[in-house]
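Chemist: Got a structure for you, written out below as structure tokens; questions coming shortly.
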Amino acid sequence: MTENTFLDKNTSSIIKKEGIPKLRFSEFDALWKQIPFSDIFDILQNNTYARADLNYKIENTKNIHYGDILVKFNEYVDVQNNNVPFINNEKNLSKFKSESYLRDGDIIIADTAEDETVGKVTEISNTNEQKVLSGLHTIPCRPKRKFAPMFLGFYMNSESFHKQLIPLITGIKVSSISKTSIATTTISVPLFEEQEKISKFMIAINNMIKEQESNISILETYNRGLISQVFKQEIRFKDDNGNEFPDWTEKTFEELADYKKGPFGSALKKEIFVPKSNTTIKVYEQQHAIEKDCTIERYFITDKYYEKMKSFSVKEGDIIISCAGTIGEIYVLPSNAEDGIINQALMRVRINNNVVDKKFFITLFDNMISTKGKKLSNGSALKNIPPFADLKKQIALVPCLKEQEKIANFLTSLDNVLQEEKNYLEYLKTIKKGLLQQMFV
């Protein structure tokens with residue numbers, strides 16, 4: 001696979017010519033044909049069944065929901081092997097004509113999303129006589145001509161096609177695109193043989209990504225097992241002289257760290273937020289902990305207001321934990337983190353360095369929340385970190401500091417191996433993104 005002959009060797013820049021992709025297989029040189037959408041597709045009938053009308057147990061007609069296109073399915077969906085829900089048996093499907101049932105090669109467009117992912121496409125494959133309908137907020141389309149399997153799925157998710165949709169998107173809080181608007185776009189079509197080669201190549205990339213995701217999942221499971229063994233003391237460490245460490249002792253979480261829950265929402269009204277300046281103070285929110293990113297910048301307060309809120313301050317090295325909604329996400333503020341304050345959805349933790357190692361504490365706390373948090377919280381769902389009184393009195397078995405350090409080093413090595421695998425996954429996804437940008441017109 002090589003870049004075509006339209007490379008300016010003097011400037012090392014690609015000279016784009018209409019109908020020719022920047023990157024293609026060397027045996028092809030024919031122009032891609034630009035064909036109106038309406039000449040390529042017939043639009044089929046969809047349904048409006050909500051999630052409550054679907055299930056994964058009682059076999060019936062399957063249904064492709066727009067949310068699954070946006071989140072779960074990639075450029076193509078294997079109807080037999082992907083987790084595609086069934087329509088509940090009580091639904092009367094007699095209004096759907098036989099041609100409304102999807103076939104291999106049909107494509108489905110998600111016509112609604114919360115952002116510019118609206119217009120994402122999945123191609124249907126491996127129906128194998130399984131009845132399938134296109135669901136809520138979708139535009140199902142059937143090609144009028146033969147395409148190589150999965151080519152349309154890849155092409156219609158490429159930047160080349162999606163950029164046609166951007167000016168057609170309507171809505172503010174929810175983005176939408178209509179059948180009429182999509183019908184004004186064009187489809188770039190190469191020879192069938194080139195379609196086929198592109199599809200096979202991109203499927204191979206997808207398979208590499210899928211395999212890497214599976215490797216990561218297996219490694220995460222393995223790591224959890226090792227961590228569980230450590231805390232059950234089935235795995236023990238020895239000191240540098242090969243001697244046994246002392247027995248683990250009981251400690252309350254109050255002995256291990258100081259905890260500070262963010263202020264009530266009324267204390268951080270929107271009215272007090274100001275634009276960023278040299279004198280403003282950052283407000284840390286749940287998203288910082290969830291995304292493990294201290295650079296997110298949304299809310300700031302003045303120095304004057306900060307003086308009133310100092311008890312909720314955070315700085316480099318502090319642990320912040322999400323404690324409402326998505327709970328238990330733990331993040332240590334790195335060296336480039338600005339001083340700031342936490343909002344009501346975060347808890348700040350400062351460990352007692354004389355008693356506990358930070359890495360050991362984070363793993364211990366995470367283990368406590370995952371095993372005991374639901375029992376300690378109010379209600380049937382885990383929506384908040386347990387009340388401080390219950391949290392602080394929780395008891396944990398804790399080794400001496402020297403063994404904690406050994407355990408922390410062990411946990412760090414596990415994290416490093418896992419992170420390397422995740423980095424490789426991101427590398428593969430970056431490669432795929434670049435190919436989708438350059439292999440299509």
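Here, A, B, ... name the chains of the structure tokens in the order displayed, residue numbers run from 1 inside each chain, and ligands are numbered from 1 in the same displayed order.
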For Asn278 in chain A, please output as a list in words all residues within 12 Å (counting only C-alpha atoms; exclusion window: fewer than 6 positions along the same chain).

Modeler: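 Everything that qualifies: Phe300, Ile301, Thr302, Asp303 and Glu338 of chain A.
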
Chemist: How many Å separate CA of Asn46 in chain A from CA of Tyr101 in chain A?

Modeler: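 A separation of 9.2 Å between them.
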
Chemist: Quick one: everything within 10 Å of Leu397 in chain A, counting only C-alpha atoms, minus sequence neighbours fewer than 2 positions away in the same chain. Send it as a VMD selection string.

Modeler: chain A and resid 231 to 233 247 to 252 364 395 399

Chemist: Just asking: which residues within range 11-71 of chain A are strand (DSSP E) according to DSSP, as a list of chain:residue names?

Modeler: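 In range 11-71 of chain A, DSSP puts these residues in strand (DSSP E): A:Ser13, A:Ile14, A:Leu23, A:Arg24, A:Lys33, A:Gln34, A:Ile35, A:Pro36, A:Phe41, A:Asp42, A:Ile43, A:Leu54, A:Asn55, A:Lys62, A:Asn63, A:Ile64.
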
Chemist: In Å, with one decimal, what is the gap from CA of Lys310 in chain A to CA of Asp339 in chain A?

Modeler: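 Spanning CA of Lys310 in chain A to CA of Asp339 in chain A is a straight-line distance of 10.5 Å.
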
Chemist: Write out as an mmCIF file with C-alpha atoms, in the first residue's frame all residues of range 74-196 of chain A that backbone DSSP assigns to helix (DSSP H, G or I).

Modeler:
```cif
data_model
loop_
_atom_site.group_PDB
_atom_site.id
_atom_site.type_symbol
_atom_site.label_atom_id
_atom_site.label_comp_id
_atom_site.auth_asym_id
_atom_site.auth_seq_id
_atom_site.Cartn_x
_atom_site.Cartn_y
_atom_site.Cartn_z
ATOM 1 C CA SER A 98 -41.250 -7.837 3.822
ATOM 2 C CA GLU A 99 -38.817 -5.410 2.161
ATOM 3 C CA SER A 100 -38.504 -3.522 5.475
ATOM 4 C CA PHE A 151 -17.236 -0.983 2.111
ATOM 5 C CA LEU A 152 -20.226 1.300 2.687
ATOM 6 C CA GLY A 153 -19.886 0.903 6.450
ATOM 7 C CA PHE A 154 -16.318 2.151 6.322
ATOM 8 C CA TYR A 155 -16.831 4.817 3.671
ATOM 9 C CA GLU A 159 -14.341 12.005 7.281
ATOM 10 C CA SER A 160 -14.823 12.279 3.514
ATOM 11 C CA PHE A 161 -18.519 11.441 3.774
ATOM 12 C CA HIS A 162 -19.269 12.757 7.259
ATOM 13 C CA LYS A 163 -18.066 16.275 6.440
ATOM 14 C CA GLN A 164 -20.972 16.485 3.983
ATOM 15 C CA LEU A 165 -23.345 15.997 6.913
ATOM 16 C CA ILE A 166 -21.964 18.731 9.181
ATOM 17 C CA PRO A 167 -23.770 21.669 7.497
ATOM 18 C CA LEU A 168 -26.985 19.591 7.369
ATOM 19 C CA LYS A 179 -33.788 11.872 5.298
ATOM 20 C CA THR A 180 -34.296 14.802 2.947
ATOM 21 C CA SER A 181 -30.965 16.343 3.900
ATOM 22 C CA ILE A 182 -29.030 13.099 3.608
ATOM 23 C CA PHE A 192 -15.620 -3.093 -6.984
ATOM 24 C CA GLU A 193 -12.154 -4.661 -6.764
ATOM 25 C CA GLU A 194 -10.799 -1.600 -4.956
ATOM 26 C CA GLN A 195 -13.806 -1.556 -2.625
ATOM 27 C CA GLU A 196 -13.124 -5.174 -1.775
#
```

Chemist: Can you tell me which residues surround range 414-431 of chain A at a distance of at most 9 Å, considering only C-alpha atoms, apart from same-chain residues fewer than 5 positions away, and format the answer as a JSON list (two decimals) with N, CA and C atoms, in the first residue's frame?

Modeler:
```json
[["chain", "number", "residue", "atom", "x", "y", "z"],
["A", 205, "ILE", "N", -7.75, -4.39, 10.31],
["A", 205, "ILE", "CA", -7.44, -3.41, 11.36],
["A", 205, "ILE", "C", -8.44, -3.54, 12.51],
["A", 206, "ASN", "N", -9.73, -3.63, 12.17],
["A", 206, "ASN", "CA", -10.75, -3.79, 13.20],
["A", 206, "ASN", "C", -10.51, -5.04, 14.04],
["A", 208, "MET", "N", -7.66, -6.49, 14.64],
["A", 208, "MET", "CA", -6.52, -6.24, 15.52],
["A", 208, "MET", "C", -6.97, -5.44, 16.75],
["A", 209, "ILE", "N", -7.83, -4.45, 16.53],
["A", 209, "ILE", "CA", -8.34, -3.64, 17.64],
["A", 209, "ILE", "C", -9.18, -4.51, 18.57],
["A", 212, "GLN", "N", -6.95, -6.75, 20.59],
["A", 212, "GLN", "CA", -6.26, -5.99, 21.64],
["A", 212, "GLN", "C", -7.19, -5.66, 22.79],
["A", 213, "GLU", "N", -8.44, -5.30, 22.48],
["A", 213, "GLU", "CA", -9.43, -5.04, 23.53],
["A", 213, "GLU", "C", -9.67, -6.29, 24.37],
["A", 215, "ASN", "N", -7.44, -8.72, 24.80],
["A", 215, "ASN", "CA", -6.23, -8.91, 25.60],
["A", 215, "ASN", "C", -6.26, -8.05, 26.86],
["A", 216, "ILE", "N", -6.71, -6.81, 26.70],
["A", 216, "ILE", "CA", -6.79, -5.89, 27.84],
["A", 216, "ILE", "C", -7.80, -6.39, 28.86],
["A", 219, "LEU", "N", -6.30, -9.24, 30.74],
["A", 219, "LEU", "CA", -5.26, -8.76, 31.66],
["A", 219, "LEU", "C", -5.89, -8.06, 32.87],
["A", 220, "GLU", "N", -6.95, -7.29, 32.65],
["A", 220, "GLU", "CA", -7.63, -6.62, 33.77],
["A", 220, "GLU", "C", -8.21, -7.65, 34.74],
["A", 223, "ASN", "N", -5.31, -9.16, 36.64],
["A", 223, "ASN", "CA", -4.81, -8.22, 37.65],
["A", 223, "ASN", "C", -5.73, -8.14, 38.86],
["A", 409, "ASN", "N", 4.70, -1.18, 44.86],
["A", 409, "ASN", "CA", 5.58, -1.38, 43.70],
["A", 409, "ASN", "C", 5.04, -2.49, 42.80],
["A", 436, "LEU", "N", -9.03, 6.02, 7.75],
["A", 436, "LEU", "CA", -10.37, 6.47, 7.36],
["A", 436, "LEU", "C", -10.34, 7.88, 6.77]]
```

Chemist: Nearest to Lys120 in chain A among A:Asn354, A:Asn74, A:Ser277, A:Ser94, with distances taken over only C-alpha atoms: which residue is it?

Modeler: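 That would be A:Asn74, the residue with the smallest distance to Lys120 in chain A.
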
Chemist: Set the distance at 8 Å and use only C-alpha atoms: which residues neighbour range 345-352 of chain A once local chain neighbours fewer than 2 positions away are removed? I'd like the list as a PyMOL selection string.

Modeler: chain A and resi 255-262+284-286+312+314+318-324+342-343+354-358+361

Chemist: Please save N, CA, C and O atoms of the selected residues as a CSV table (one decimal), in the first residue's frame.

Modeler:
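Ended up saving to out_26.csv:
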```
chain,number,residue,atom,x,y,z
A,255,GLU,N,-8.2,6.4,60.6
A,255,GLU,CA,-6.8,6.4,60.9
A,255,GLU,C,-5.9,6.6,59.7
A,255,GLU,O,-4.7,7.0,59.8
A,256,LEU,N,-6.4,6.2,58.6
A,256,LEU,CA,-5.6,6.2,57.4
A,256,LEU,C,-5.5,7.5,56.6
A,256,LEU,O,-4.5,7.8,56.0
A,257,ALA,N,-6.6,8.3,56.7
A,257,ALA,CA,-6.6,9.6,55.9
A,257,ALA,C,-7.6,10.5,56.5
A,257,ALA,O,-8.4,10.2,57.3
A,258,ASP,N,-7.5,11.8,56.0
A,258,ASP,CA,-8.4,12.8,56.2
A,258,ASP,C,-9.3,13.0,55.0
A,258,ASP,O,-8.8,13.0,53.9
A,259,TYR,N,-10.6,13.1,55.2
A,259,TYR,CA,-11.6,13.2,54.1
A,259,TYR,C,-12.3,14.5,54.1
A,259,TYR,O,-12.8,14.9,55.2
A,260,LYS,N,-12.5,15.1,53.0
A,260,LYS,CA,-13.3,16.3,52.9
A,260,LYS,C,-14.2,16.3,51.7
A,260,LYS,O,-13.8,16.2,50.6
A,261,LYS,N,-15.5,16.3,52.0
A,261,LYS,CA,-16.5,16.3,50.9
A,261,LYS,C,-16.7,17.7,50.4
A,261,LYS,O,-16.6,18.7,51.2
A,262,GLY,N,-16.9,17.9,49.1
A,262,GLY,CA,-17.1,19.2,48.5
A,262,GLY,C,-18.3,19.9,49.1
A,262,GLY,O,-19.2,19.3,49.8
A,284,TYR,N,-12.5,22.2,40.7
A,284,TYR,CA,-12.5,20.8,40.2
A,284,TYR,C,-13.8,20.1,40.4
A,284,TYR,O,-14.5,20.3,41.4
A,285,GLU,N,-14.2,19.4,39.3
A,285,GLU,CA,-15.5,18.7,39.3
A,285,GLU,C,-15.3,17.2,39.0
A,285,GLU,O,-14.2,16.7,38.7
A,286,GLN,N,-16.4,16.5,39.0
A,286,GLN,CA,-16.4,15.1,38.8
A,286,GLN,C,-15.6,14.6,37.6
A,286,GLN,O,-14.9,13.6,37.6
A,312,PHE,N,-12.0,23.6,51.3
A,312,PHE,CA,-12.3,22.7,50.2
A,312,PHE,C,-11.2,22.7,49.2
A,312,PHE,O,-11.3,22.2,48.1
A,314,VAL,N,-7.7,22.0,47.0
A,314,VAL,CA,-6.9,20.9,46.6
A,314,VAL,C,-5.6,21.4,46.0
A,314,VAL,O,-5.6,22.5,45.4
A,318,ASP,N,-2.9,15.7,46.1
A,318,ASP,CA,-4.1,15.3,46.7
A,318,ASP,C,-4.9,14.3,45.9
A,318,ASP,O,-4.8,14.2,44.7
A,319,ILE,N,-5.6,13.4,46.6
A,319,ILE,CA,-6.5,12.4,45.9
A,319,ILE,C,-7.9,13.0,45.9
A,319,ILE,O,-8.4,13.5,46.8
A,320,ILE,N,-8.5,13.0,44.7
A,320,ILE,CA,-9.9,13.4,44.5
A,320,ILE,C,-10.7,12.2,44.1
A,320,ILE,O,-10.2,11.4,43.3
A,321,ILE,N,-11.9,12.0,44.6
A,321,ILE,CA,-12.7,10.8,44.3
A,321,ILE,C,-14.1,11.3,44.0
A,321,ILE,O,-14.7,12.1,44.7
A,322,SER,N,-14.7,10.8,42.9
A,322,SER,CA,-16.0,11.2,42.5
A,322,SER,C,-17.0,10.5,43.4
A,322,SER,O,-16.8,9.3,43.7
A,323,CYS,N,-18.0,11.2,43.9
A,323,CYS,CA,-18.8,10.6,45.0
A,323,CYS,C,-20.3,10.9,44.8
A,323,CYS,O,-21.1,10.9,45.7
A,324,ALA,N,-20.7,11.1,43.6
A,324,ALA,CA,-22.1,11.2,43.3
A,324,ALA,C,-22.3,10.8,41.8
A,324,ALA,O,-21.5,11.1,40.9
A,342,ILE,N,-12.7,21.8,45.3
A,342,ILE,CA,-13.6,20.8,44.8
A,342,ILE,C,-15.0,21.2,44.9
A,342,ILE,O,-15.4,22.0,45.7
A,343,ASN,N,-15.8,20.7,44.0
A,343,ASN,CA,-17.3,20.9,44.0
A,343,ASN,C,-18.0,19.8,44.8
A,343,ASN,O,-17.3,18.9,45.4
A,354,ASN,N,2.3,8.5,57.8
A,354,ASN,CA,3.0,7.7,58.8
A,354,ASN,C,2.3,6.3,58.9
A,354,ASN,O,2.9,5.5,59.6
A,355,VAL,N,1.2,6.2,58.3
A,355,VAL,CA,0.4,4.9,58.5
A,355,VAL,C,0.3,4.2,57.2
A,355,VAL,O,0.3,2.9,57.2
A,356,VAL,N,0.1,4.9,56.1
A,356,VAL,CA,-0.3,4.2,54.8
A,356,VAL,C,0.4,4.8,53.6
A,356,VAL,O,0.7,6.0,53.6
A,357,ASP,N,0.8,4.0,52.7
A,357,ASP,CA,1.4,4.3,51.4
A,357,ASP,C,0.2,4.8,50.5
A,357,ASP,O,-0.9,4.2,50.5
A,358,LYS,N,0.4,5.8,49.7
A,358,LYS,CA,-0.6,6.4,48.9
A,358,LYS,C,-1.2,5.4,47.8
A,358,LYS,O,-2.4,5.2,47.7
A,361,PHE,N,-3.1,2.8,49.6
A,361,PHE,CA,-4.4,3.3,50.1
A,361,PHE,C,-5.4,3.4,49.0
A,361,PHE,O,-6.6,3.0,49.2
```

Chemist: Using only C-alpha atoms for the distances, tell me which of A:Thr371, A:Gln80, A:Asn157, A:Ser199 is nearest to Glu129 in chain A.

Modeler: A:Gln80

Chemist: Kindly indicate which residue among A:Arg103, A:Phe237, A:Arg145, A:Tyr299 lies nearest to Ile272 in chain A, using only C-alpha atoms for the distances.

Modeler: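 Closest to Ile272 in chain A, using only C-alpha atoms: A:Tyr299.
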
Chemist: Which residues, written as a VMD selection string, have at least one atom at most 9 Å from Gly19 in chain A, with only C-alpha atoms counted and residues fewer than 5 positions away on the same chain left out?

Modeler: chain A and resid 30 to 34 188 to 190 441

Chemist: Write the residues of the selection above to a file with C-alpha atoms, as an mmCIF file, in the first residue's frame.

Modeler:
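This is the output file again-v3.cif:
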```
data_model
loop_
_atom_site.group_PDB
_atom_site.id
_atom_site.type_symbol
_atom_site.label_atom_id
_atom_site.label_comp_id
_atom_site.auth_asym_id
_atom_site.auth_seq_id
_atom_site.Cartn_x
_atom_site.Cartn_y
_atom_site.Cartn_z
ATOM 1 C CA ALA A 30 -9.078 4.908 -11.716
ATOM 2 C CA LEU A 31 -11.047 7.940 -10.525
ATOM 3 C CA TRP A 32 -13.759 7.383 -7.931
ATOM 4 C CA LYS A 33 -17.231 8.218 -9.264
ATOM 5 C CA GLN A 34 -19.307 10.800 -7.383
ATOM 6 C CA SER A 188 -17.832 8.255 -3.815
ATOM 7 C CA VAL A 189 -17.589 4.875 -5.516
ATOM 8 C CA PRO A 190 -14.397 3.161 -6.719
ATOM 9 C CA VAL A 441 -12.753 10.527 -1.247
#
```
